[in-house]
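Asks: Coordinates in structure04.cif, mmCIF, C-alpha atoms, are listed below.
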data_my_file
#
loop_
_atom_site.label_atom_id
_atom_site.label_comp_id
_atom_site.auth_asym_id
_atom_site.auth_seq_id
_atom_site.Cartn_x
_atom_site.Cartn_y
_atom_site.Cartn_z
CA MET A 2 -13.53 47.08 12.67
CA THR A 3 -11.51 45.64 9.79
CA SER A 4 -13.40 44.32 6.76
CA PRO A 5 -13.02 40.54 6.35
CA ASP A 6 -11.50 40.99 2.90
CA ARG A 7 -8.76 43.45 3.93
CA PRO A 8 -5.15 42.36 4.46
CA GLY A 9 -4.51 41.32 8.04
CA SER A 10 -8.13 40.58 8.85
CA LEU A 11 -8.76 37.32 10.67
CA ARG A 12 -11.43 34.64 10.43
CA VAL A 13 -12.11 31.66 12.67
CA GLY A 14 -13.71 28.43 11.49
CA LEU A 15 -15.03 25.50 13.51
CA GLY A 16 -15.14 21.95 12.18
CA THR A 17 -16.50 18.78 13.72
CA ASP A 18 -16.64 15.16 12.66
CA LEU A 19 -17.90 11.87 14.08
CA HIS A 20 -17.41 8.33 12.79
CA ARG A 21 -18.53 4.90 13.94
CA LEU A 22 -15.74 2.60 15.17
CA GLU A 23 -15.47 -1.00 13.95
CA ALA A 24 -13.08 -3.84 14.65
CA GLY A 25 -10.50 -4.63 11.99
CA LEU A 26 -10.41 -1.19 10.34
CA PRO A 27 -7.36 1.10 10.43
CA LEU A 28 -7.50 4.06 12.82
CA ILE A 29 -6.17 6.99 10.80
CA LEU A 30 -5.87 10.34 12.56
CA GLY A 31 -4.16 13.40 11.13
CA GLY A 32 -2.69 11.27 8.35
CA VAL A 33 -1.12 8.85 10.87
CA THR A 34 -2.18 5.22 11.29
CA ILE A 35 -2.50 4.63 15.03
CA PRO A 36 -2.07 1.06 16.33
CA SER A 37 -5.54 -0.13 17.38
CA ASP A 38 -7.86 -3.13 17.15
CA PHE A 39 -10.55 -0.91 15.63
CA GLY A 40 -10.83 2.04 13.32
CA ALA A 41 -13.33 4.51 11.93
CA ARG A 42 -15.88 3.55 9.27
CA GLY A 43 -16.51 6.10 6.55
CA HIS A 44 -16.88 6.71 2.84
CA SER A 45 -13.30 8.02 2.72
CA ASP A 46 -10.45 6.89 4.98
CA ALA A 47 -12.57 8.27 7.88
CA ASP A 48 -9.81 10.50 9.30
CA VAL A 49 -11.93 12.54 11.74
CA VAL A 50 -9.05 14.93 12.45
CA LEU A 51 -8.49 15.89 8.82
CA HIS A 52 -12.25 16.11 8.20
CA ALA A 53 -12.77 18.47 11.15
CA VAL A 54 -9.75 20.58 10.16
CA SER A 55 -11.00 20.77 6.55
CA ASP A 56 -14.44 21.93 7.65
CA ALA A 57 -12.84 24.54 9.93
CA LEU A 58 -10.75 25.84 7.01
CA LEU A 59 -13.68 25.90 4.63
CA GLY A 60 -16.00 27.53 7.13
CA ALA A 61 -13.57 30.34 7.85
CA ALA A 62 -12.61 30.95 4.22
CA HIS A 63 -15.84 30.49 2.34
CA GLY A 64 -18.69 29.30 4.56
CA THR A 65 -18.96 25.85 3.01
CA ASP A 66 -18.08 22.30 4.11
CA ILE A 67 -16.38 19.18 2.78
CA GLY A 68 -19.69 17.63 1.74
CA ASP A 69 -20.01 20.34 -0.92
CA LEU A 70 -16.61 19.45 -2.40
CA PHE A 71 -16.54 15.70 -1.69
CA PRO A 72 -20.09 14.28 -1.50
CA ASP A 73 -20.29 11.03 0.46
CA ASP A 74 -22.64 9.51 -2.11
CA ASP A 75 -20.05 9.78 -4.91
CA PRO A 76 -18.72 6.22 -5.48
CA THR A 77 -15.54 7.54 -7.12
CA LEU A 78 -14.53 9.01 -3.75
CA ALA A 79 -14.77 5.76 -1.77
CA GLY A 80 -11.64 5.24 0.32
CA LEU A 81 -10.39 8.77 -0.48
CA ASP A 82 -7.20 9.81 1.34
CA SER A 83 -8.33 12.73 3.51
CA ARG A 84 -5.13 14.63 2.75
CA ARG A 85 -6.78 15.38 -0.61
CA ILE A 86 -9.70 16.97 1.24
CA VAL A 87 -7.33 19.17 3.26
CA ALA A 88 -5.45 20.16 0.10
CA ALA A 89 -8.74 21.21 -1.50
CA ALA A 90 -9.74 23.20 1.62
CA LEU A 91 -6.36 24.97 1.69
CA LYS A 92 -6.78 25.77 -2.02
CA VAL A 93 -10.23 27.30 -1.40
CA ALA A 94 -8.78 29.37 1.45
CA ALA A 95 -5.90 30.58 -0.75
CA GLU A 96 -8.29 31.41 -3.62
CA HIS A 97 -10.20 33.63 -1.19
CA GLY A 98 -6.97 35.32 -0.12
CA PHE A 99 -6.43 33.53 3.19
CA ARG A 100 -3.52 31.71 4.77
CA LEU A 101 -3.72 29.35 7.74
CA VAL A 102 -2.24 30.75 10.96
CA ASN A 103 -2.94 27.90 13.38
CA VAL A 104 -5.28 25.03 14.25
CA ASP A 105 -6.41 23.63 17.57
CA ILE A 106 -7.86 20.11 17.67
CA VAL A 107 -9.65 18.00 20.27
CA VAL A 108 -10.16 14.27 19.62
CA ALA A 109 -12.70 12.40 21.77
CA LEU A 110 -11.88 8.69 22.00
CA GLU A 111 -11.92 6.20 24.88
CA ARG A 112 -9.00 4.13 23.61
CA PRO A 113 -6.29 3.83 22.48
CA LYS A 114 -4.52 6.62 24.37
CA LEU A 115 -3.31 9.23 21.90
CA SER A 116 -0.74 10.96 24.13
CA PRO A 117 2.08 8.60 23.02
CA HIS A 118 1.35 9.67 19.41
CA ARG A 119 0.87 13.42 19.99
CA GLU A 120 4.20 14.59 18.54
CA GLU A 121 3.88 12.32 15.49
CA LEU A 122 0.35 13.67 14.94
CA ARG A 123 1.53 17.26 15.37
CA ALA A 124 4.39 16.75 12.87
CA SER A 125 2.09 15.08 10.35
CA LEU A 126 -0.52 17.81 10.62
CA ALA A 127 2.10 20.55 10.33
CA SER A 128 3.42 18.92 7.16
CA ILE A 129 -0.04 18.43 5.64
CA LEU A 130 -1.15 21.97 6.53
CA GLY A 131 2.10 23.72 5.65
CA ILE A 132 2.46 25.44 9.02
CA PRO A 133 5.02 25.11 11.83
CA ALA A 134 4.41 22.33 14.35
CA ASN A 135 4.11 24.89 17.14
CA CYS A 136 1.02 26.22 15.34
CA VAL A 137 -0.78 22.87 15.72
CA GLY A 138 -2.55 22.16 19.01
CA ILE A 139 -3.82 18.62 19.52
CA LYS A 140 -5.51 17.21 22.58
CA ALA A 141 -7.24 13.93 23.35
CA LYS A 142 -10.19 13.53 25.70
CA THR A 143 -12.34 10.64 26.81
CA SER A 144 -16.09 10.90 27.26
CA GLU A 145 -16.00 9.33 30.72
CA GLY A 146 -18.00 6.34 29.47
CA LEU A 147 -20.90 8.51 28.31
CA GLY A 148 -22.62 8.38 24.92
CA PRO A 149 -21.40 6.60 21.78
CA VAL A 150 -17.83 7.85 22.20
CA GLY A 151 -17.77 6.77 25.84
CA ARG A 152 -19.08 3.32 24.96
CA GLY A 153 -16.30 2.93 22.38
CA GLU A 154 -18.75 2.99 19.47
CA ALA A 155 -17.53 6.23 17.91
CA ILE A 156 -14.74 8.77 17.64
CA SER A 157 -15.29 12.50 17.32
CA CYS A 158 -13.16 15.54 16.67
CA GLN A 159 -13.50 19.29 16.91
CA ALA A 160 -11.10 21.70 15.24
CA VAL A 161 -10.72 25.45 15.15
CA ALA A 162 -8.72 27.15 12.40
CA LEU A 163 -7.51 30.75 12.37
CA LEU A 164 -7.06 32.28 8.92
CA GLU A 165 -5.48 35.60 8.02
CA HIS A 166 -6.30 37.54 4.88
CA ARG A 167 -3.18 38.33 2.84
#
In structure tokens, what does this structure look like?
Replies:
Amino acid sequence: MTSPDRPGSLRVGLGTDLHRLEAGLPLILGGVTIPSDFGARGHSDADVVLHAVSDALLGAAHGTDIGDLFPDDDPTLAGLDSRRIVAAALKVAAEHGFRLVNVDIVVALERPKLSPHREELRASLASILGIPANCVGIKAKTSEGLGPVGRGEAISCQAVALLEHR
């Protein structure tokens, strides 16, 4: 078995996020504003995709999470663009000798449908993450009317990131 700090070794990280949905807020996913009558409420811009991806990166590289780097009780971070969180997570990964290989993302949301926006989301994420678009998987699921996501009260996201040690 290869040591995790040897060149070529791989690490996998899992990130999740959940935000309440409210009328009149922008719905920002993967750095893209999606047309919608409601959006996610959060201390930052509430981009569940970038939050889940950041946690996946941090978990794989260092075993930490975005709350350690960007506490949600810090008033100076209110409205923070989540691309800054991703940049910080990528920096932590690089400082620990890792590069991102690919990400796979699942967004749970009843509406709006995300399939018409999939390629725009993939391109945005590839640009933000500095990887080719074919290394970004993004899927949307409903919750079949079950739970807070199914009732349209929340949006959630899961992301897996594969890192390779340089």
Asks: Check what the PyMOL selection byres ((chain A and resi 117-133) around 7) selects in the file above and give those residues as a list of chain:residue names.
Replies: A:Gly31, A:Gly32, A:Val33, A:Arg84, A:Leu115, A:Ser116, A:Ala134, A:Asn135, A:Cys136, A:Val137, A:Ile139
Asks: Name the residues that the PyMOL selection byres ((chain A and resi 97) around 10) picks from the file above, as a ChimeraX atom specification, using the file's chain letters and numbers.
Replies: /A:6,62-63,91-96,98-100,166-167
Asks: Report, in Å to a single decimal, how far apart CA of His20 in chain A and CA of Ala89 in chain A are.
Replies: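 Here the two named atoms are 21.1 Å from each other.
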Asks: Go ahead and compute the interatomic distance for CA of Asp48 in chain A and CA of Ile29 in chain A, in Å to one decimal.
Replies: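 Separation of CA of Asp48 in chain A and CA of Ile29 in chain A: 5.3 Å.
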Asks: On this structure, which residues satisfy the PyMOL selection byres ((chain A and resi 106-114) around 8), written as JSON, numbers by chain?
Replies: {"A": [36, 37, 50, 54, 104, 105, 115, 116, 117, 137, 138, 139, 140, 141, 142, 143, 144, 145, 146, 150, 151, 152, 153, 155, 156, 157, 158, 159, 160, 161]}
Asks: I'd like the interatomic distance between CA of Gly14 in chain A and CA of Ala47 in chain A, to a tenth of an Å.
Replies: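 These two atoms are separated by 20.5 Å.
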Asks: For Ala41 in chain A, which residue out of A:Val13, A:Ala79, A:Leu19, A:Leu147 is the nearest one, using all atoms listed in the file?
Replies: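 Ranking A:Val13, A:Ala79, A:Leu19, A:Leu147 by distance to Ala41 in chain A, first place goes to A:Leu19.
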Asks: Please list as a ChimeraX atom specification every residue within 7 Å of Glu165 in chain A, counting all atoms listed in the file and excluding residues in the same chain fewer than 5 positions away.
Replies: /A:9-12,99-102
Asks: Take every atom of range 66-71 of chain A listed in the file, fit an axis-aligned box around them, add 8 Å per side, and give the centre and edge lengths in Å to one decimal as AutoDock Vina command-line options.
Replies:
--center_x -18.2 --center_y 19.0 --center_z 0.9 --size_x 19.6 --size_y 22.6 --size_z 22.5
Asks: Given the point (-14.2, 11.3, 0.6) in the file's coordinates, find the residues that have an atom at most 8 Å from it, counting all atoms listed in the file, and give them as a compact mmCIF listing (two decimals) with C-alpha atoms, in the coordinates of the input.
Replies:
# COMPACT_ATOMS: atom_id res chain seq x y z
CA HIS A 44 -16.88 6.71 2.84
CA SER A 45 -13.30 8.02 2.72
CA ASP A 46 -10.45 6.89 4.98
CA PHE A 71 -16.54 15.70 -1.69
CA PRO A 72 -20.09 14.28 -1.50
CA ASP A 73 -20.29 11.03 0.46
CA LEU A 78 -14.53 9.01 -3.75
CA ALA A 79 -14.77 5.76 -1.77
CA GLY A 80 -11.64 5.24 0.32
CA LEU A 81 -10.39 8.77 -0.48
CA ASP A 82 -7.20 9.81 1.34
CA SER A 83 -8.33 12.73 3.51
CA ILE A 86 -9.70 16.97 1.24
Asks: Show me as number ranges by chain the residues that reach within 6 Å of (-8.9, -2.0, 10.7), counting only C-alpha atoms and using the file's own coordinates.
Replies: A: 25-27, 39-40
Asks: Using only C-alpha atoms, please write the residues we just selected to a file, as a PDB file, in the coordinates of the input.
Replies:
ATOM      1  CA  GLY A  25     -10.500  -4.630  11.990  1.00  0.00           C
ATOM      2  CA  LEU A  26     -10.410  -1.190  10.340  1.00  0.00           C
ATOM      3  CA  PRO A  27      -7.360   1.100  10.430  1.00  0.00           C
ATOM      4  CA  PHE A  39     -10.550  -0.910  15.630  1.00  0.00           C
ATOM      5  CA  GLY A  40     -10.830   2.040  13.320  1.00  0.00           C
TER       6      GLY A  40
END
